[in-house]
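To be precise, the following lines are my_file30.cif, and they hold mmCIF, C-alpha atoms.
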```cif
data_structure
loop_
_atom_site.label_atom_id
_atom_site.label_comp_id
_atom_site.auth_asym_id
_atom_site.auth_seq_id
_atom_site.Cartn_x
_atom_site.Cartn_y
_atom_site.Cartn_z
CA MET A 19 -93.09 70.24 -1.97
CA LEU A 20 -89.65 70.12 -3.56
CA LEU A 21 -88.72 73.00 -5.84
CA PHE A 22 -86.32 72.37 -8.72
CA LEU A 23 -84.61 75.48 -10.00
CA ASN A 24 -81.65 76.50 -12.18
CA ILE A 25 -82.39 74.15 -15.08
CA LYS A 26 -79.60 74.32 -17.67
CA LEU A 27 -79.87 72.21 -20.80
CA SER A 28 -76.72 72.78 -22.80
CA SER A 29 -73.63 70.57 -22.99
CA VAL A 30 -74.05 70.12 -19.22
CA ALA A 31 -77.56 69.43 -17.91
CA SER A 32 -78.25 70.18 -14.25
CA GLN A 33 -81.13 70.74 -11.86
CA CYS A 34 -81.05 71.93 -8.27
CA ILE A 35 -83.49 71.30 -5.44
CA LEU A 36 -84.27 73.16 -2.26
CA ASP A 37 -83.26 76.57 -3.57
CA SER A 38 -80.04 75.32 -5.18
CA GLU A 39 -78.61 73.59 -2.11
CA ARG A 40 -78.66 70.12 -3.68
CA CYS A 41 -77.97 69.75 -7.39
CA PHE A 42 -77.73 66.99 -9.98
CA GLU A 43 -75.56 67.18 -13.08
CA LEU A 44 -75.65 64.87 -16.05
CA VAL A 45 -72.11 65.24 -17.33
CA PRO A 46 -71.55 66.34 -20.95
CA LYS A 47 -71.24 63.87 -23.79
CA THR A 48 -67.69 65.09 -24.35
CA VAL A 49 -66.68 63.23 -21.16
CA PRO A 50 -66.00 59.58 -22.07
CA ALA A 51 -67.98 56.82 -20.39
CA LEU A 52 -66.22 55.58 -17.25
CA ALA A 53 -66.21 52.64 -14.82
CA TRP A 54 -68.03 53.26 -11.53
CA TYR A 55 -65.02 54.11 -9.35
CA SER A 56 -63.62 56.44 -12.01
CA ALA A 57 -67.06 58.07 -12.30
CA GLU A 58 -67.09 58.72 -8.55
CA GLU A 59 -63.62 60.25 -8.81
CA TYR A 60 -64.79 62.46 -11.69
CA CYS A 61 -67.65 63.86 -9.57
CA GLU A 62 -65.31 64.54 -6.66
CA LYS A 63 -62.89 66.45 -8.87
CA LYS A 64 -65.53 68.31 -10.89
CA HIS A 65 -67.42 69.62 -7.84
CA TYR A 66 -65.92 70.43 -4.44
CA GLY A 67 -67.58 67.88 -2.16
CA GLY A 68 -69.31 66.19 -5.11
CA PHE A 69 -70.11 62.50 -5.55
CA LEU A 70 -72.22 60.14 -7.64
CA ALA A 71 -75.87 60.99 -7.05
CA SER A 72 -78.22 59.39 -4.55
CA ILE A 73 -81.94 59.33 -5.42
CA ARG A 74 -84.19 59.57 -2.40
CA ASN A 75 -87.77 59.72 -3.68
CA ALA A 76 -90.13 59.78 -6.67
CA PHE A 77 -89.92 63.59 -7.00
CA GLU A 78 -86.19 63.40 -7.65
CA THR A 79 -86.72 60.54 -10.07
CA GLY A 80 -89.13 62.67 -12.10
CA TYR A 81 -86.71 65.53 -12.50
CA ILE A 82 -83.81 63.23 -13.32
CA GLN A 83 -86.00 61.68 -16.02
CA ASP A 84 -86.42 65.20 -17.43
CA LEU A 85 -82.64 65.59 -17.53
CA LEU A 86 -82.34 62.33 -19.44
CA ARG A 87 -85.09 63.24 -21.91
CA ASN A 88 -83.74 66.72 -22.63
CA SER A 89 -80.05 65.75 -22.84
CA PRO A 90 -80.00 62.02 -23.57
CA PRO A 91 -76.63 60.36 -22.88
CA THR A 92 -75.13 57.75 -25.17
CA THR A 93 -75.14 55.03 -22.46
CA ASP A 94 -76.96 54.21 -19.26
CA VAL A 95 -75.91 56.33 -16.28
CA TRP A 96 -73.99 55.54 -13.09
CA ILE A 97 -75.44 56.74 -9.77
CA GLY A 98 -74.00 56.36 -6.27
CA GLY A 99 -75.57 53.04 -5.24
CA PHE A 100 -73.30 50.07 -4.65
CA SER A 101 -73.13 46.76 -2.81
CA THR A 102 -70.19 44.77 -1.48
CA ASP A 103 -69.92 41.00 -1.22
CA ASN A 104 -73.65 40.49 -1.80
CA SER A 105 -74.53 42.78 1.12
CA LEU A 106 -77.31 45.37 1.15
CA PHE A 107 -77.00 48.27 -1.27
CA GLN A 108 -75.97 51.66 0.06
CA TRP A 109 -75.40 55.20 -1.19
CA VAL A 110 -71.86 56.52 -1.48
CA ASP A 111 -72.86 59.70 0.43
CA GLY A 112 -74.25 57.69 3.37
CA GLU A 113 -77.92 58.60 2.85
CA PRO A 114 -80.43 55.91 3.95
CA PHE A 115 -81.12 53.47 1.12
CA SER A 116 -84.90 53.54 1.63
CA TYR A 117 -86.19 54.37 -1.88
CA THR A 118 -85.65 52.13 -4.91
CA LEU A 119 -86.85 51.98 -8.51
CA TYR A 120 -85.45 48.72 -9.84
CA ALA A 121 -86.48 47.41 -13.26
CA PRO A 122 -88.12 43.95 -13.29
CA GLY A 123 -85.65 41.23 -12.35
CA GLN A 124 -83.25 43.68 -10.73
CA PRO A 125 -80.91 43.92 -8.93
CA ASP A 126 -78.93 41.39 -10.92
CA PRO A 127 -76.46 39.59 -8.59
CA SER A 128 -73.75 39.77 -11.26
CA GLY A 129 -73.51 43.55 -10.77
CA SER A 130 -72.63 45.52 -7.63
CA CYS A 131 -73.09 49.11 -8.84
CA ILE A 132 -76.31 50.83 -9.92
CA GLN A 133 -77.15 52.45 -13.25
CA ILE A 134 -80.19 54.41 -14.41
CA CYS A 135 -81.64 53.36 -17.76
CA SER A 136 -81.25 56.38 -20.02
CA THR A 137 -84.06 55.43 -22.45
CA ASP A 138 -87.03 53.09 -22.63
CA LYS A 139 -85.78 49.65 -23.63
CA PRO A 140 -86.96 46.05 -23.23
CA GLY A 141 -86.91 45.21 -19.53
CA CYS A 142 -85.97 48.70 -18.31
CA ARG A 143 -87.86 51.96 -18.74
CA LEU A 144 -86.37 55.45 -18.62
CA GLY A 145 -85.26 56.25 -15.05
CA GLN A 146 -85.49 52.69 -13.72
CA TRP A 147 -82.47 51.12 -12.05
CA LYS A 148 -80.37 48.11 -12.91
CA THR A 149 -77.05 46.78 -11.68
CA ALA A 150 -73.81 46.28 -13.60
CA PRO A 151 -70.23 45.21 -12.77
CA CYS A 152 -68.47 48.20 -11.23
CA ASN A 153 -65.15 47.83 -13.05
CA ASP A 154 -66.05 46.14 -16.34
CA VAL A 155 -68.74 48.51 -17.66
CA GLN A 156 -68.27 52.12 -18.81
CA SER A 157 -71.27 54.42 -18.46
CA SER A 158 -72.33 58.05 -18.38
CA ILE A 159 -72.38 59.86 -15.04
CA LEU A 160 -74.91 61.63 -12.80
CA CYS A 161 -73.13 63.75 -10.19
CA GLU A 162 -74.60 65.39 -7.09
CA TYR A 163 -73.16 68.50 -5.50
CA ASP A 164 -73.93 71.38 -3.15
CA GLY A 165 -75.14 74.34 -5.22
CA SER A 166 -75.34 76.79 -2.33
CA GLY A 167 -71.90 78.24 -3.04
CA SER A 168 -70.59 77.19 0.38
CA SER A 169 -66.81 76.99 0.53
CA THR A 170 -66.95 74.01 2.89
CA PRO A 171 -68.35 70.78 1.45
CA ALA A 172 -70.48 68.33 3.33
CA LEU A 173 -68.11 65.63 4.58
CA PRO A 174 -70.20 62.47 4.96
CA SER A 175 -69.44 60.50 8.10
CA PRO A 176 -68.60 56.86 7.37
CA SER A 177 -70.40 55.86 10.59
CA THR A 178 -73.71 56.69 8.89
CA PHE A 179 -73.24 53.84 6.40
CA PRO A 180 -74.94 50.47 7.06
CA SER A 181 -72.72 48.60 9.49
CA SER A 182 -73.49 45.25 7.85
CA THR A 183 -71.67 46.09 4.63
CA LEU A 184 -68.20 44.77 3.89
CA PRO A 185 -65.59 46.80 2.03
CA PRO A 186 -65.23 46.24 -1.71
CA SER A 187 -62.19 44.18 -2.66
CA CYS A 188 -59.08 46.06 -3.73
CA SER A 189 -56.53 44.00 -5.64
CA CYS A 190 -54.90 47.20 -6.91
CA LYS A 191 -51.16 47.81 -7.09
CA ARG A 192 -50.44 50.46 -4.48
CA ASP A 193 -47.87 51.06 -1.71
CA VAL A 194 -49.80 52.02 1.44
CA LEU A 195 -47.74 53.37 4.33
CA ILE A 196 -49.94 53.05 7.44
CA LEU A 197 -49.10 55.65 10.09
CA VAL A 198 -50.40 54.10 13.31
CA ASP A 199 -50.97 56.41 16.29
CA VAL A 200 -49.10 54.99 19.31
CA SER A 201 -49.37 58.16 21.43
CA ILE A 202 -51.05 58.96 24.74
CA GLY A 203 -53.71 60.77 22.70
CA LEU A 204 -55.46 57.39 22.41
CA ARG A 205 -56.03 57.57 26.19
CA SER A 206 -56.13 53.81 26.90
CA GLN A 207 -54.74 50.43 25.92
CA ILE A 208 -58.25 49.41 24.84
CA ASN A 209 -58.44 52.28 22.35
CA PHE A 210 -55.01 51.42 20.95
CA ASP A 211 -56.05 47.77 20.62
CA ASP A 212 -59.25 48.82 18.83
CA GLN A 213 -57.20 50.84 16.33
CA ILE A 214 -55.01 47.82 15.59
CA LEU A 215 -58.05 45.53 15.41
CA PHE A 216 -59.71 47.78 12.84
CA ILE A 217 -56.61 48.02 10.64
CA ALA A 218 -55.63 44.36 10.87
CA GLU A 219 -59.01 42.62 10.81
CA VAL A 220 -61.56 44.97 9.26
CA LEU A 221 -59.35 46.79 6.75
CA VAL A 222 -56.56 44.34 5.84
CA SER A 223 -57.69 40.78 6.50
CA SER A 224 -61.20 41.30 5.19
CA PHE A 225 -60.25 42.31 1.66
CA TRP A 226 -56.71 43.46 0.84
CA THR A 227 -54.85 41.34 -1.70
CA VAL A 228 -51.32 41.74 -0.30
CA SER A 229 -48.41 40.48 -2.42
CA PRO A 230 -45.34 41.79 -4.25
CA LEU A 231 -47.44 41.95 -7.43
CA GLN A 232 -50.43 43.70 -5.83
CA LEU A 233 -51.05 46.00 -2.89
CA GLU A 234 -48.24 46.28 -0.34
CA ALA A 235 -48.18 48.10 3.00
CA ASN A 236 -45.68 49.27 5.58
CA PRO A 237 -47.01 49.87 9.14
CA VAL A 238 -45.21 52.65 11.02
CA GLY A 239 -45.98 53.62 14.63
CA TYR A 240 -45.49 57.28 15.45
CA GLU A 241 -45.53 59.71 18.38
CA LYS A 242 -43.53 62.83 19.22
CA GLY A 243 -39.82 62.07 18.93
CA ASN A 244 -40.25 58.46 17.89
CA VAL A 245 -41.10 56.48 14.76
CA ASN A 246 -41.21 52.68 14.77
CA VAL A 247 -41.03 51.09 11.31
CA GLN A 248 -42.37 47.52 11.38
CA GLY A 249 -40.99 46.34 8.03
CA SER A 250 -41.07 47.38 4.39
CA PHE A 251 -43.27 47.02 1.32
CA GLY A 252 -42.51 43.31 0.95
CA TYR A 253 -45.21 41.21 2.62
CA ASN A 254 -46.26 38.03 0.84
CA SER A 255 -49.79 37.90 2.25
CA ALA A 256 -52.39 39.78 4.27
CA GLU A 257 -51.66 37.39 7.14
CA GLU A 258 -48.01 38.50 7.29
CA LEU A 259 -49.07 42.15 7.33
CA LYS A 260 -51.68 41.42 10.00
CA ASN A 261 -49.03 39.78 12.22
CA ALA A 262 -46.77 42.82 11.89
CA LEU A 263 -49.63 45.12 12.91
CA GLU A 264 -50.59 42.99 15.88
CA SER A 265 -47.00 43.10 17.19
CA MET A 266 -47.14 46.88 17.58
CA LYS A 267 -47.09 48.41 21.08
CA TRP A 268 -48.80 51.41 22.66
CA LEU A 269 -45.85 53.64 23.60
CA GLN A 270 -47.82 56.52 25.23
CA GLY A 271 -45.64 59.44 24.13
CA ALA A 272 -47.04 62.84 23.18
CA PRO A 273 -49.10 62.93 19.97
CA SER A 274 -47.41 64.55 16.98
CA ILE A 275 -48.77 64.30 13.44
CA SER A 276 -45.98 66.58 12.25
CA TYR A 277 -43.28 64.21 13.51
CA GLY A 278 -44.85 61.22 11.77
CA LEU A 279 -45.32 62.99 8.44
CA LYS A 280 -41.84 64.55 8.63
CA GLU A 281 -40.25 61.12 8.97
CA VAL A 282 -42.25 59.80 6.01
CA ALA A 283 -41.19 62.80 3.92
CA TYR A 284 -37.47 62.49 4.71
CA ASP A 285 -36.76 58.82 5.52
CA PRO A 286 -35.16 57.18 2.44
CA THR A 287 -35.25 53.68 3.96
CA LEU A 288 -39.00 53.07 3.99
CA GLY A 289 -38.78 50.79 0.96
CA TRP A 290 -41.25 52.34 -1.48
CA ARG A 291 -41.42 50.32 -4.72
CA ALA A 292 -40.36 52.08 -7.92
CA GLY A 293 -43.18 52.95 -10.30
CA VAL A 294 -45.99 52.23 -7.82
CA GLN A 295 -48.46 54.86 -6.61
CA ARG A 296 -47.75 55.89 -3.00
CA VAL A 297 -50.48 56.29 -0.37
CA VAL A 298 -50.00 57.54 3.21
CA LEU A 299 -52.85 56.30 5.42
CA LEU A 300 -52.66 58.44 8.57
CA PHE A 301 -54.51 57.47 11.76
CA THR A 302 -54.57 60.21 14.40
CA SER A 303 -56.20 60.84 17.76
CA THR A 304 -55.62 64.59 17.60
CA SER A 305 -56.82 67.44 15.39
CA ASP A 306 -55.26 70.21 17.47
CA PRO A 307 -55.11 73.23 15.10
CA THR A 308 -51.54 74.12 16.07
CA GLU A 309 -50.36 70.56 15.53
CA VAL A 310 -52.16 70.32 12.19
CA SER A 311 -50.66 73.66 11.10
CA GLN A 312 -47.16 72.41 11.94
CA ALA A 313 -47.79 69.16 10.06
CA GLN A 314 -49.12 70.85 6.95
CA GLN A 315 -45.68 71.71 5.56
CA TYR A 316 -44.83 67.99 5.51
CA SER A 317 -48.19 66.91 4.11
CA ASP A 318 -47.80 69.49 1.34
CA GLN A 319 -44.32 68.20 0.60
CA LEU A 320 -45.60 64.63 0.34
CA LYS A 321 -48.51 65.61 -1.88
CA ASN A 322 -46.20 67.62 -4.13
CA SER A 323 -44.03 64.51 -4.55
CA ASN A 324 -46.94 62.34 -5.74
CA HIS A 325 -48.03 60.83 -2.43
CA THR A 326 -51.77 60.62 -1.76
CA ILE A 327 -52.64 61.27 1.90
CA ILE A 328 -55.76 59.73 3.45
CA VAL A 329 -56.52 60.84 7.03
CA VAL A 330 -58.56 58.95 9.63
CA GLY A 331 -59.34 60.86 12.83
CA ILE A 332 -60.24 58.56 15.73
CA GLY A 333 -62.03 59.65 18.88
CA ALA A 334 -65.03 61.84 19.67
CA SER A 335 -63.00 65.06 19.85
CA VAL A 336 -61.32 65.02 16.44
CA ASN A 337 -62.41 67.64 13.92
CA GLN A 338 -62.82 66.32 10.38
CA THR A 339 -62.68 69.74 8.72
CA ILE A 340 -59.38 70.64 10.42
CA LEU A 341 -57.84 67.28 9.48
CA SER A 342 -58.92 67.73 5.86
CA GLN A 343 -56.13 70.35 5.54
CA LEU A 344 -53.63 67.46 5.60
CA ALA A 345 -55.42 65.12 3.21
CA SER A 346 -55.37 64.93 -0.57
CA GLY A 347 -58.82 66.48 -0.84
CA ALA A 348 -61.80 66.69 1.51
CA ASN A 349 -63.11 63.31 0.35
CA ASN A 350 -59.96 61.64 1.70
CA THR A 351 -60.72 62.62 5.32
CA PHE A 352 -62.69 60.32 7.64
CA THR A 353 -63.53 59.97 11.33
CA SER A 354 -64.73 57.32 13.76
CA ASP A 355 -65.18 57.22 17.51
CA PHE A 356 -63.32 54.54 19.47
CA THR A 357 -66.33 52.39 20.29
CA ALA A 358 -67.42 52.03 16.65
CA LEU A 359 -63.95 51.49 15.23
CA PRO A 360 -63.49 47.69 15.71
CA THR A 361 -66.60 46.91 13.63
CA ASN A 362 -66.69 49.95 11.34
CA ASN A 363 -67.00 48.09 8.02
CA ALA A 364 -68.40 51.22 6.38
CA LEU A 365 -65.23 53.16 7.17
CA ALA A 366 -63.17 50.31 5.73
CA ALA A 367 -65.26 50.47 2.55
CA GLN A 368 -64.64 54.21 2.25
CA LEU A 369 -60.89 53.84 2.81
CA ASN A 370 -60.70 51.01 0.29
CA ALA A 371 -62.57 53.11 -2.28
CA ALA A 372 -60.20 56.03 -1.64
CA ILE A 373 -57.17 53.79 -2.17
CA TYR A 374 -58.72 52.34 -5.31
CA ARG A 375 -59.30 55.82 -6.76
CA VAL A 376 -55.59 56.66 -6.61
CA ASN A 377 -54.41 56.60 -10.22
CA SER A 378 -51.49 54.42 -11.19
CA LEU A 379 -48.33 56.26 -12.17
#
```
As structure tokens, what does this structure read like?
Amino acid sequence: MLLFLNIKLSSVASQCILDSERCFELVPKTVPALAWYSAEEYCEKKHYGGFLASIRNAFETGYIQDLLRNSPPTTDVWIGGFSTDNSLFQWVDGEPFSYTLYAPGQPDPSGSCIQICSTDKPGCRLGQWKTAPCNDVQSSILCEYDGSGSSTPALPSPSTFPSSTLPPSCSCKRDVLILVDVSIGLRSQINFDDQILFIAEVLVSSFWTVSPLQLEANPVGYEKGNVNVQGSFGYNSAEELKNALESMKWLQGAPSISYGLKEVAYDPTLGWRAGVQRVVLLFTSTSDPTEVSQAQQYSDQLKNSNHTIIVVGIGASVNQTILSQLASGANNTFTSDFTALPTNNALAAQLNAAIYRVNSL
């Protein structure tokens, strides 16, 4: 039997299960209603390792209904369920999507993100689910977080997400510098090709809107002592960017995250656009603690100069927690093994969501 403890019904309403290890928080009314992606970002910032809540069974539904009754929000409430391109719904934390409580006639195909009805109303009773457009609707927020007091958050593995889902579309204005690992750390030509295949086909071609008025990218190959810049932030289409990626070569030098990040920090010729948020998307086959420690001075410099760093560790031996020291927050660190990478749509969805969350300057 689940035990819910630590019930607080003030400006912030929260309940924790399993002796405070898993907690829900209905955010205070003083926080304005937000779109779904902004709500997810709020949970991540409010709680270390937090995210929009997943609801796994009827017990959790009952206690969330109590939260809503005792501290009723002014709107319906976002939770962590979403769908992409009419695919199956999934939870943002990667939990199996096996329990549902949709209102009659739901899910509505016009909406891709899930809300809880905050009161009884025609067609939707308190606690039932309905869908709404992710970007066009502002709602209250139900966060989930680890209440155990652990200093290390749970870092959900993107490989646990349903492989059939496609990444949500990002037509956002960002400059994304893609640091592509061309080192011997990849171990084989096949692994290098799989890295390129993932970036070009799964991440870019599947959904990025690439143009001078939207998202732009600049692929840069890196290894120790060598950086190979493919172009600048000036591609007219995703196809042009894909062709630049597919022309890259596996050079087989020593791996060096520090060398790649140092060049990004100091090279004035990379072509960043003025007034556009800057993202460094780092792919790496190593998480060697010494190498990461050496690279941290450059990652800190980039973050302090308004660059957001997203890290993708590739290979079975990479350590996600170690790599998180380089990223702009633990929720911007991801991993995948080589065999899953070419078809890892879930990882692409997570990276796209991370890029989307980056605020415009």
For stretch 125-142 of chain A: contacts at 12 Å, all atoms listed in the file, fewer than 5 positions along chain excluded, given as a PDB file with C-alpha atoms, keeping the file's coordinate frame:
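This went into result-v1.pdb:
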```pdb
ATOM      1  CA  LEU A  44     -75.650  64.870 -16.050  1.00  0.00           C
ATOM      2  CA  ALA A  53     -66.210  52.640 -14.820  1.00  0.00           C
ATOM      3  CA  TRP A  54     -68.030  53.260 -11.530  1.00  0.00           C
ATOM      4  CA  TYR A  55     -65.020  54.110  -9.350  1.00  0.00           C
ATOM      5  CA  ALA A  57     -67.060  58.070 -12.300  1.00  0.00           C
ATOM      6  CA  GLU A  58     -67.090  58.720  -8.550  1.00  0.00           C
ATOM      7  CA  LEU A  70     -72.220  60.140  -7.640  1.00  0.00           C
ATOM      8  CA  ALA A  71     -75.870  60.990  -7.050  1.00  0.00           C
ATOM      9  CA  SER A  72     -78.220  59.390  -4.550  1.00  0.00           C
ATOM     10  CA  ILE A  73     -81.940  59.330  -5.420  1.00  0.00           C
ATOM     11  CA  THR A  79     -86.720  60.540 -10.070  1.00  0.00           C
ATOM     12  CA  ILE A  82     -83.810  63.230 -13.320  1.00  0.00           C
ATOM     13  CA  GLN A  83     -86.000  61.680 -16.020  1.00  0.00           C
ATOM     14  CA  ASP A  84     -86.420  65.200 -17.430  1.00  0.00           C
ATOM     15  CA  LEU A  85     -82.640  65.590 -17.530  1.00  0.00           C
ATOM     16  CA  LEU A  86     -82.340  62.330 -19.440  1.00  0.00           C
ATOM     17  CA  ARG A  87     -85.090  63.240 -21.910  1.00  0.00           C
ATOM     18  CA  ASN A  88     -83.740  66.720 -22.630  1.00  0.00           C
ATOM     19  CA  SER A  89     -80.050  65.750 -22.840  1.00  0.00           C
ATOM     20  CA  PRO A  90     -80.000  62.020 -23.570  1.00  0.00           C
ATOM     21  CA  PRO A  91     -76.630  60.360 -22.880  1.00  0.00           C
ATOM     22  CA  THR A  92     -75.130  57.750 -25.170  1.00  0.00           C
ATOM     23  CA  THR A  93     -75.140  55.030 -22.460  1.00  0.00           C
ATOM     24  CA  ASP A  94     -76.960  54.210 -19.260  1.00  0.00           C
ATOM     25  CA  VAL A  95     -75.910  56.330 -16.280  1.00  0.00           C
ATOM     26  CA  TRP A  96     -73.990  55.540 -13.090  1.00  0.00           C
ATOM     27  CA  ILE A  97     -75.440  56.740  -9.770  1.00  0.00           C
ATOM     28  CA  GLY A  98     -74.000  56.360  -6.270  1.00  0.00           C
ATOM     29  CA  GLY A  99     -75.570  53.040  -5.240  1.00  0.00           C
ATOM     30  CA  PHE A 100     -73.300  50.070  -4.650  1.00  0.00           C
ATOM     31  CA  SER A 101     -73.130  46.760  -2.810  1.00  0.00           C
ATOM     32  CA  THR A 102     -70.190  44.770  -1.480  1.00  0.00           C
ATOM     33  CA  ASP A 103     -69.920  41.000  -1.220  1.00  0.00           C
ATOM     34  CA  ASN A 104     -73.650  40.490  -1.800  1.00  0.00           C
ATOM     35  CA  SER A 105     -74.530  42.780   1.120  1.00  0.00           C
ATOM     36  CA  LEU A 106     -77.310  45.370   1.150  1.00  0.00           C
ATOM     37  CA  PHE A 107     -77.000  48.270  -1.270  1.00  0.00           C
ATOM     38  CA  GLN A 108     -75.970  51.660   0.060  1.00  0.00           C
ATOM     39  CA  TRP A 109     -75.400  55.200  -1.190  1.00  0.00           C
ATOM     40  CA  VAL A 110     -71.860  56.520  -1.480  1.00  0.00           C
ATOM     41  CA  THR A 118     -85.650  52.130  -4.910  1.00  0.00           C
ATOM     42  CA  LEU A 119     -86.850  51.980  -8.510  1.00  0.00           C
ATOM     43  CA  TYR A 120     -85.450  48.720  -9.840  1.00  0.00           C
ATOM     44  CA  TRP A 147     -82.470  51.120 -12.050  1.00  0.00           C
ATOM     45  CA  LYS A 148     -80.370  48.110 -12.910  1.00  0.00           C
ATOM     46  CA  THR A 149     -77.050  46.780 -11.680  1.00  0.00           C
ATOM     47  CA  ALA A 150     -73.810  46.280 -13.600  1.00  0.00           C
ATOM     48  CA  PRO A 151     -70.230  45.210 -12.770  1.00  0.00           C
ATOM     49  CA  CYS A 152     -68.470  48.200 -11.230  1.00  0.00           C
ATOM     50  CA  ASN A 153     -65.150  47.830 -13.050  1.00  0.00           C
ATOM     51  CA  ASP A 154     -66.050  46.140 -16.340  1.00  0.00           C
ATOM     52  CA  VAL A 155     -68.740  48.510 -17.660  1.00  0.00           C
ATOM     53  CA  GLN A 156     -68.270  52.120 -18.810  1.00  0.00           C
ATOM     54  CA  SER A 157     -71.270  54.420 -18.460  1.00  0.00           C
ATOM     55  CA  SER A 158     -72.330  58.050 -18.380  1.00  0.00           C
ATOM     56  CA  ILE A 159     -72.380  59.860 -15.040  1.00  0.00           C
ATOM     57  CA  LEU A 160     -74.910  61.630 -12.800  1.00  0.00           C
ATOM     58  CA  PRO A 186     -65.230  46.240  -1.710  1.00  0.00           C
ATOM     59  CA  SER A 187     -62.190  44.180  -2.660  1.00  0.00           C
TER      60      SER A 187
END
```
*Using the chain letters and numbers from the file, which residues does the PyMOL selection byres ((chain A and resi 229) around 12) grab, as a VMD selection string?*
chain A and resid 189 to 193 226 to 228 230 to 235 251 to 259
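Each of A:Gly333, A:Gly347, A:Gly271, A:Pro122 was compared to A:Thr304 using all atoms listed in the file, and A:Gly333 turns out to be the nearest.
Atom CA of A:Ile196 is found 13.1 Å from atom CA of A:Glu264.
Between atom CA of A:Met266 and atom CA of A:Leu369 the separation is 21.3 Å.
Take atom CA of A:Gln213 and atom CA of A:Gln312: the distance between them is 24.2 Å.
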*May I have the residues within 12 Å of A:Ile275 as a PyMOL selection string, using only C-alpha atoms and disregarding those fewer than 5 positions away in the same chain?*
chain A and resi 197-201+203+239-245+280-282+300-317+329-331+341+344
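The nearest approach to A:Asp285 among the residues A:Ile208, A:Tyr117, A:Val376, A:Asn246, with all atoms listed in the file taken into account, belongs to A:Asn246.
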*asked:* Could you tell me, as an MDAnalysis selection string, exactly which residues end up selected when the PyMOL selection byres ((chain A and resi 42) around 7) is applied to this structure?
replied: chainID A and resid 32:34 41 43:44 71 160:163
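For the file shown, the residue list from the PyMOL selection byres ((chain A and resi 247) around 8) reads Asn236, Pro237, Val238, Gly239, Val245, Asn246, Gln248, Gly249, Ser250 and Leu288 of chain A.
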Using the selection just defined, write its residues with C-alpha atoms as a PDB file, in the coordinates of the input.
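Writing done, so here's part_2.pdb:
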```
ATOM      1  CA  ASN A 236     -45.680  49.270   5.580  1.00  0.00           C
ATOM      2  CA  PRO A 237     -47.010  49.870   9.140  1.00  0.00           C
ATOM      3  CA  VAL A 238     -45.210  52.650  11.020  1.00  0.00           C
ATOM      4  CA  GLY A 239     -45.980  53.620  14.630  1.00  0.00           C
ATOM      5  CA  VAL A 245     -41.100  56.480  14.760  1.00  0.00           C
ATOM      6  CA  ASN A 246     -41.210  52.680  14.770  1.00  0.00           C
ATOM      7  CA  GLN A 248     -42.370  47.520  11.380  1.00  0.00           C
ATOM      8  CA  GLY A 249     -40.990  46.340   8.030  1.00  0.00           C
ATOM      9  CA  SER A 250     -41.070  47.380   4.390  1.00  0.00           C
ATOM     10  CA  LEU A 288     -39.000  53.070   3.990  1.00  0.00           C
TER      11      LEU A 288
END
```
